Amino acid sequence: MTAFQKILAFTIAAIYIVVAVALVGFAYWWFNPSTEEQYKTFGVFAGMILAADAALCGMLSSFLSLNAQARSAKDLANQNAKTQKDLEDYKKDIVEKIENLKGEIARQNNFIDKTLDAKSAAYNKLFVTTTTCYRELQSLAKGEYDKTKVETAESSLREAEALAANLDDADRKIVAKIVQAVMDLHDAADLLTSTGDTLKNDRQALWNTRAQDFGKQMEALRDRSPFYNQKIQ
């Protein structure tokens, strides 16, 4: 039993007692019985008073109970409405956060796609131009040297070097070493002044001396490529 129900029961009981005492007392004063017959009449009337009092208190109790129930139902309905609204607001907030997260993921994926495209283009261009330079300079191993082809290949490599801005610091350092190696070999080959077999031997010696480091830098760049290793650096 709740506190309100206890108070309600106590109040109704008090009303019943007060009304019963007042009406029965008034009836006793009115009848003022002195004989047995008068007492019987008074008893019947008092019983009617108590019955009417009980009925009245019962009606009052029902009214108050119904009123309390109606108030409780209204409070419950209001609470349910508030809870429903809170749930709707929470759901709306969750949906909004999910949509924002989806948008953020889409932007991140778009950025990653663009980054991978930029890296892919840079690596592809660098792989082609470094390989071309290597092949042209590799003619030194046979004592041959085509300055025009080497300069053309070196020019393409310098253009590709600009794309290294889209790569990591480690990649840029490797590219810088490759470009420097090509320039050094190019300059050293141009500075050779010997002729005949001596020139051929000098070119071969130049290649044998510097080719290994050049090849290592090319392998280092290849190993750094996420497309070659199938993983993102």
# chains A, B, ... in the order shown; residues from 1 in each chain; ligands from 1
call {"tool": "residues_around", "arguments": {"residues": "segment 184-189 of chain A", "least_positions_apart": "3", "cutoff": "8 Å", "atoms": "only C-alpha atoms", "output": "PyMOL selection string"}}
result
chain A and resi 137+145+147+150-151+180-181+192+203+206-207+210
call {"tool": "residues_around", "arguments": {"residues": "Lys125 of chain A", "least_positions_apart": "3", "cutoff": "10 Å", "atoms": "only C-alpha atoms", "output": "list in words"}}
result
Lys119, Ser120, Ala121, Ala122, Val128, Thr129, Thr130, Thr131, Ser156, Leu157, Glu159, Ala160, Glu161, Leu163 and Ala164 of chain A
call {"tool": "atom_distance", "arguments": {"atom1": "atom CA of Arg224 of chain A", "atom2": "atom CA of Thr132 of chain A"}}
result
19.2 Å
call {"tool": "closest_residue", "arguments": {"among": "A:Leu116, A:Ile12, A:Leu101, A:Leu87", "to": "Phe63 of chain A", "atoms": "only C-alpha atoms"}}
result
A:Ile12
call {"tool": "atom_distance", "arguments": {"atom1": "atom CA of Leu191 of chain A", "atom2": "atom CA of Asn208 of chain A"}}
result
16.7 Å
call {"tool": "atom_distance", "arguments": {"atom1": "atom CA of Val175 of chain A", "atom2": "atom CA of Gln217 of chain A"}}
result
7.9 Å
call {"tool": "residues_around", "arguments": {"residues": "Val44 of chain A", "least_positions_apart": "4", "cutoff": "12 Å", "atoms": "only C-alpha atoms", "output": "list in words"}}
result
Val24, Ala27, Tyr28, Phe31, Glu37, Gln38, Tyr39, Lys40, Met48, Ile49, Leu50 and Ala51 of chain A
call {"tool": "write_last_selection", "arguments": {"atoms": "C-alpha atoms", "output": "mmCIF file, in the first residue's frame"}}
result
data_model
loop_
_atom_site.group_PDB
_atom_site.id
_atom_site.type_symbol
_atom_site.label_atom_id
_atom_site.label_comp_id
_atom_site.auth_asym_id
_atom_site.auth_seq_id
_atom_site.Cartn_x
_atom_site.Cartn_y
_atom_site.Cartn_z
ATOM 1 C CA VAL A 24 -26.119 8.849 15.760
ATOM 2 C CA ALA A 27 -30.575 10.813 16.501
ATOM 3 C CA TYR A 28 -30.168 9.800 20.113
ATOM 4 C CA PHE A 31 -35.373 10.265 19.951
ATOM 5 C CA GLU A 37 -39.573 0.069 22.213
ATOM 6 C CA GLN A 38 -37.983 3.478 21.772
ATOM 7 C CA TYR A 39 -34.533 1.932 22.031
ATOM 8 C CA LYS A 40 -35.475 -0.582 19.312
ATOM 9 C CA MET A 48 -29.837 3.073 8.856
ATOM 10 C CA ILE A 49 -27.605 6.012 9.666
ATOM 11 C CA LEU A 50 -24.525 3.782 9.857
ATOM 12 C CA ALA A 51 -25.468 2.044 6.613
#
call {"tool": "closest_residue", "arguments": {"among": "A:Ala165, A:Ala46, A:Ala9, A:Ile105", "to": "Phe26 of chain A", "atoms": "only C-alpha atoms"}}
result
A:Ala46
